[in-house]
Amino acid sequence: MPEHTGTAQGPLHRWNRVTFVPPLAAVGALLVATDARTWWDAVVLSLGAMAGLVVMARWTEDDTSRVTLPCLVVAAAVWPFGALVADSRTAFYGLTIVGPYLIPRLPRHRVAAALGLSAYVAAAGATKLTESPGDVRGVLIDYVLVPTGIIVAVIGLHFANRRFYKVIEQSREREAELAVIRERIRFASDLHDIQGHTLHVVKLKITLAQKLVRDDIERAEEELREVRALVSDTITQTKELAYAQRRLNLSVELENAKNLFEAAGIRVRVNREAGVDEADETVNGLLGQVLRETTTNILRHAQATRVRITLSESGITIVNDGAGEGPLPVLSGLAALRERVGDDGGELTVEQEGGRFVTAAAFPGHRPATAEGPHPATPPSAARKDDR
């Protein structure tokens with residue numbers, strides 16, 4: 001007789017204890033007081049009601065395995081006593097609690113158990129005919145049809161209640177699975193941001209170092225040192241990502257983007273509108289991701305010669321030339337970022353027209369992050385003037 005102990009049941013069981021146990025106890029006491037003609041009748045009928053209340057109370061604690069079967073035996077014995085001795089039409093009250101609770105939790109043969117319990121209630125009630133053979137109609141109604149009908153109805157309600165709990169538990173499990181999937185997608189997106197961006201930077205810097213190795217050996221060595229520092233920083237970021245400690249910073253990403261565009265021979269201009277203030281950490285990181293992903297896309301897909309980055313009171317806008325004609329290209333990185341930006345109350349838009357590509361991320365409800373000066377982790381050649 002396994003217990004259903006899903007995570008969704010605890011609060012619901014506590015709610016049932018508050019809403020059901022006191023009324024059931026009051027109804028049981030009223031029925032005993034109404035039907036008992038002697039103190040002995042009251043004691044026996046009270047045992048049947050108490051059996052049902054014990055099961056209900058233990059159910060709210062998820063611990064009925066030890067009490068259900070004994071309580072079922074007690075409640076089942078009280079019903080024929082009430083019908084034959086105490087002349088009680090409601091002595092089956094304990095069975096309406098214990099039996100319907102037990103049957104839906106059986107591992108198998110639940111339908112047979114439901115039919116067996118209903119047949120027992122009807123048969124035990126029919127024994128009243130041996131005492132009142134002249135009142136067949138009254139006995140059939142009061143001791144057979146009404147008790148059996150109530151038992152069948154309560155069993156049906158318990159099956160529905162059981163199904164309700166399972167649906168809730170399944171929905172919680174689905175939510176947990178979706179959360180895991182979303183986290184995996186987020187992790188893959190962040191890993192793509194780190195590794196993809198770094199590989200493009202390394203490729204450009206090595207190409208530049210190859211061109212400089214014969215004409216400017218010192219500059220070539222500087223570029224190679226930056227490649228080494230960049231790879232080391234990427235290893236650190238990957239470890240931080242694995243331990244959920246990675247935080248992008250817009251100021252750092254801005255300086256890195258300027259440095260990267262310069263290495264590729266692209267002129268970059270940064271505009272800061274009046275009133276730019278410090279944003280919260282989440283928005284700052286998302287804007288940094290948008291800038292990083294856009295920088296990678298420009299270097300990979302566009303033949304850009306100029307880039308303009310604008311920090312406004314609501315977010316960031318990156319405009320570049322050298323975009324191809326035709327429909328918007330499929331940029332999976334920006335597509336994933338659009339969903340993440342939207343989840344935090346922002347909006348990410350991309351436009352392509354007349355050879356210009358515009359990427360804009362806006363957070364109307366937030367103040368944007370400032371990009372004041374280079375971060376300590378910025379590569380040596382990254383701290384340059386904003387306007388090129």
# chains A, B, ... in the order shown; residues from 1 in each chain; ligands from 1
>>> closest_atom_pairs(of="region 193-264 of chain A", to="region 302-321 of chain A", cutoff="12 Å", atoms="only C-alpha atoms", output="tab-separated table")
residue	atom	partner	partner_atom	distance
A:Leu250	CA	A:Ile316	CA	10.0
A:Ser251	CA	A:Leu311	CA	10.8
A:Glu253	CA	A:Ile309	CA	11.7
A:Leu254	CA	A:Ile309	CA	8.7
A:Glu255	CA	A:Ile309	CA	11.3
A:Ala257	CA	A:Ile309	CA	9.8
A:Lys258	CA	A:Val307	CA	9.3
A:Leu260	CA	A:Val307	CA	11.6
A:Phe261	CA	A:Val307	CA	8.3
A:Glu262	CA	A:Thr305	CA	10.1
A:Ala263	CA	A:Thr305	CA	11.9
A:Ala264	CA	A:Thr305	CA	9.1
>>> write_last_selection(atoms="N, CA and C atoms", output="JSON list (two decimals), in the first residue's frame")
[["chain", "number", "residue", "atom", "x", "y", "z"],
["A", 250, "LEU", "N", 29.69, 45.42, -18.77],
["A", 250, "LEU", "CA", 29.57, 46.18, -20.00],
["A", 250, "LEU", "C", 30.80, 47.03, -20.27],
["A", 251, "SER", "N", 31.39, 47.60, -19.24],
["A", 251, "SER", "CA", 32.59, 48.42, -19.43],
["A", 251, "SER", "C", 33.72, 47.60, -20.02],
["A", 253, "GLU", "N", 33.42, 44.74, -21.71],
["A", 253, "GLU", "CA", 33.07, 44.31, -23.06],
["A", 253, "GLU", "C", 33.21, 45.46, -24.05],
["A", 254, "LEU", "N", 32.93, 46.67, -23.63],
["A", 254, "LEU", "CA", 33.08, 47.82, -24.51],
["A", 254, "LEU", "C", 34.54, 48.02, -24.90],
["A", 255, "GLU", "N", 35.42, 47.98, -23.93],
["A", 255, "GLU", "CA", 36.84, 48.16, -24.22],
["A", 255, "GLU", "C", 37.38, 47.00, -25.07],
["A", 257, "ALA", "N", 35.63, 45.22, -27.20],
["A", 257, "ALA", "CA", 35.09, 45.38, -28.55],
["A", 257, "ALA", "C", 35.87, 46.43, -29.32],
["A", 258, "LYS", "N", 36.18, 47.57, -28.68],
["A", 258, "LYS", "CA", 36.97, 48.61, -29.33],
["A", 258, "LYS", "C", 38.33, 48.08, -29.75],
["A", 260, "LEU", "N", 39.17, 44.98, -30.34],
["A", 260, "LEU", "CA", 39.02, 43.98, -31.38],
["A", 260, "LEU", "C", 38.74, 44.62, -32.74],
["A", 261, "PHE", "N", 37.85, 45.61, -32.76],
["A", 261, "PHE", "CA", 37.56, 46.30, -34.02],
["A", 261, "PHE", "C", 38.81, 46.99, -34.57],
["A", 262, "GLU", "N", 39.58, 47.60, -33.68],
["A", 262, "GLU", "CA", 40.80, 48.26, -34.12],
["A", 262, "GLU", "C", 41.77, 47.26, -34.74],
["A", 263, "ALA", "N", 41.90, 46.09, -34.11],
["A", 263, "ALA", "CA", 42.80, 45.08, -34.64],
["A", 263, "ALA", "C", 42.36, 44.61, -36.02],
["A", 264, "ALA", "N", 41.04, 44.67, -36.28],
["A", 264, "ALA", "CA", 40.52, 44.25, -37.58],
["A", 264, "ALA", "C", 40.49, 45.40, -38.58]]
>>> select_by_dssp(residues="region 113-151 of chain A", states="alpha helix (DSSP H)", output="number ranges by chain")
A: 113-126, 136-139, 146-151
>>> write_last_selection(atoms="C-alpha atoms", output="short mmCIF file (atom, residue, chain, number, x, y, z; two decimals), in the first residue's frame")
data_model
loop_
_atom_site.label_atom_id
_atom_site.label_comp_id
_atom_site.auth_asym_id
_atom_site.auth_seq_id
_atom_site.Cartn_x
_atom_site.Cartn_y
_atom_site.Cartn_z
CA ALA A 113 -11.63 -3.76 -4.00
CA ALA A 114 -14.18 -0.98 -4.62
CA LEU A 115 -16.79 -3.52 -5.69
CA GLY A 116 -15.95 -5.72 -2.69
CA LEU A 117 -16.31 -2.85 -0.21
CA SER A 118 -19.62 -1.77 -1.77
CA ALA A 119 -20.90 -5.36 -1.64
CA TYR A 120 -19.84 -5.69 2.01
CA VAL A 121 -21.67 -2.48 2.98
CA ALA A 122 -24.80 -3.67 1.17
CA ALA A 123 -24.60 -7.18 2.65
CA ALA A 124 -23.96 -5.97 6.19
CA GLY A 125 -26.87 -3.57 5.91
CA ALA A 126 -29.11 -6.32 4.50
CA VAL A 136 -38.17 -4.78 3.53
CA ARG A 137 -38.58 -1.44 1.75
CA GLY A 138 -37.33 0.59 4.70
CA VAL A 139 -34.35 -1.69 5.30
CA VAL A 146 -28.22 4.76 0.90
CA PRO A 147 -25.03 3.44 2.60
CA THR A 148 -23.86 1.70 -0.60
CA GLY A 149 -24.55 4.77 -2.73
CA ILE A 150 -22.63 6.98 -0.31
CA ILE A 151 -19.67 4.60 -0.27
#
>>> closest_residue(among="A:Gly28, A:Pro364, A:Pro80, A:Gly94", to="Lys128 (chain A)", atoms="only C-alpha atoms")
A:Pro80
>>> closest_residue(among="A:Leu69, A:Leu157, A:Leu299, A:Val43", to="Gly196 (chain A)", atoms="only C-alpha atoms")
A:Leu299
>>> select_by_dssp(residues="region 94-277 of chain A", states="strand (DSSP E)", output="MDAnalysis selection string")
chainID A and resid 267:272
>>> residues_around(residues="region 213-229 of chain A", least_positions_apart="3", cutoff="8 Å", atoms="only C-alpha atoms", output="list in words")
Val201, Val202, Lys205, Ile206, Leu208, Ala209, Gln210, Ser232, Asp233, Pro379 and Pro380 of chain A
>>> write_last_selection(atoms="N, CA and C atoms", output="PDB file, in the first residue's frame")
ATOM      1  N   VAL A 201      38.877  36.491 -31.678  1.00  0.00           N
ATOM      2  CA  VAL A 201      39.915  37.450 -31.290  1.00  0.00           C
ATOM      3  C   VAL A 201      41.305  36.862 -31.515  1.00  0.00           C
ATOM      4  N   VAL A 202      41.481  35.613 -31.089  1.00  0.00           N
ATOM      5  CA  VAL A 202      42.781  34.956 -31.252  1.00  0.00           C
ATOM      6  C   VAL A 202      43.142  34.865 -32.730  1.00  0.00           C
ATOM      7  N   LYS A 205      44.219  38.348 -33.961  1.00  0.00           N
ATOM      8  CA  LYS A 205      45.484  38.797 -33.393  1.00  0.00           C
ATOM      9  C   LYS A 205      46.668  37.990 -33.938  1.00  0.00           C
ATOM     10  N   ILE A 206      46.455  36.698 -34.151  1.00  0.00           N
ATOM     11  CA  ILE A 206      47.534  35.900 -34.736  1.00  0.00           C
ATOM     12  C   ILE A 206      47.794  36.323 -36.179  1.00  0.00           C
ATOM     13  N   LEU A 208      47.289  39.307 -37.359  1.00  0.00           N
ATOM     14  CA  LEU A 208      47.994  40.581 -37.261  1.00  0.00           C
ATOM     15  C   LEU A 208      49.453  40.377 -36.877  1.00  0.00           C
ATOM     16  N   ALA A 209      49.715  39.455 -35.937  1.00  0.00           N
ATOM     17  CA  ALA A 209      51.092  39.190 -35.526  1.00  0.00           C
ATOM     18  C   ALA A 209      51.914  38.621 -36.684  1.00  0.00           C
ATOM     19  N   GLN A 210      51.286  37.800 -37.525  1.00  0.00           N
ATOM     20  CA  GLN A 210      51.998  37.275 -38.689  1.00  0.00           C
ATOM     21  C   GLN A 210      52.407  38.388 -39.649  1.00  0.00           C
ATOM     22  N   SER A 232      44.146  32.760 -21.324  1.00  0.00           N
ATOM     23  CA  SER A 232      44.135  32.538 -19.878  1.00  0.00           C
ATOM     24  C   SER A 232      42.850  33.064 -19.255  1.00  0.00           C
ATOM     25  N   ASP A 233      42.428  34.270 -19.694  1.00  0.00           N
ATOM     26  CA  ASP A 233      41.197  34.848 -19.172  1.00  0.00           C
ATOM     27  C   ASP A 233      39.985  33.999 -19.558  1.00  0.00           C
ATOM     28  N   PRO A 379      42.786  43.954 -21.518  1.00  0.00           N
ATOM     29  CA  PRO A 379      44.112  43.769 -22.078  1.00  0.00           C
ATOM     30  C   PRO A 379      44.835  45.098 -22.199  1.00  0.00           C
ATOM     31  N   PRO A 380      46.177  45.113 -22.234  1.00  0.00           N
ATOM     32  CA  PRO A 380      46.963  46.338 -22.215  1.00  0.00           C
ATOM     33  C   PRO A 380      46.605  47.313 -23.312  1.00  0.00           C
TER      34      PRO A 380
END
>>> closest_residue(among="A:Leu334, A:Ala91, A:Leu140, A:Val283", to="Ala36 (chain A)", atoms="only C-alpha atoms")
A:Ala91
>>> atom_distance(atom1="CA of Leu145 (chain A)", atom2="CA of Met56 (chain A)")
25.2 Å
>>> closest_residue(among="A:Ala335, A:Cys71, A:Leu84, A:Leu328", to="Val54 (chain A)", atoms="only C-alpha atoms")
A:Cys71
>>> closest_residue(among="A:Asp344, A:Glu281, A:Glu325, A:Glu293", to="Phe357 (chain A)", atoms="only C-alpha atoms")
A:Glu325
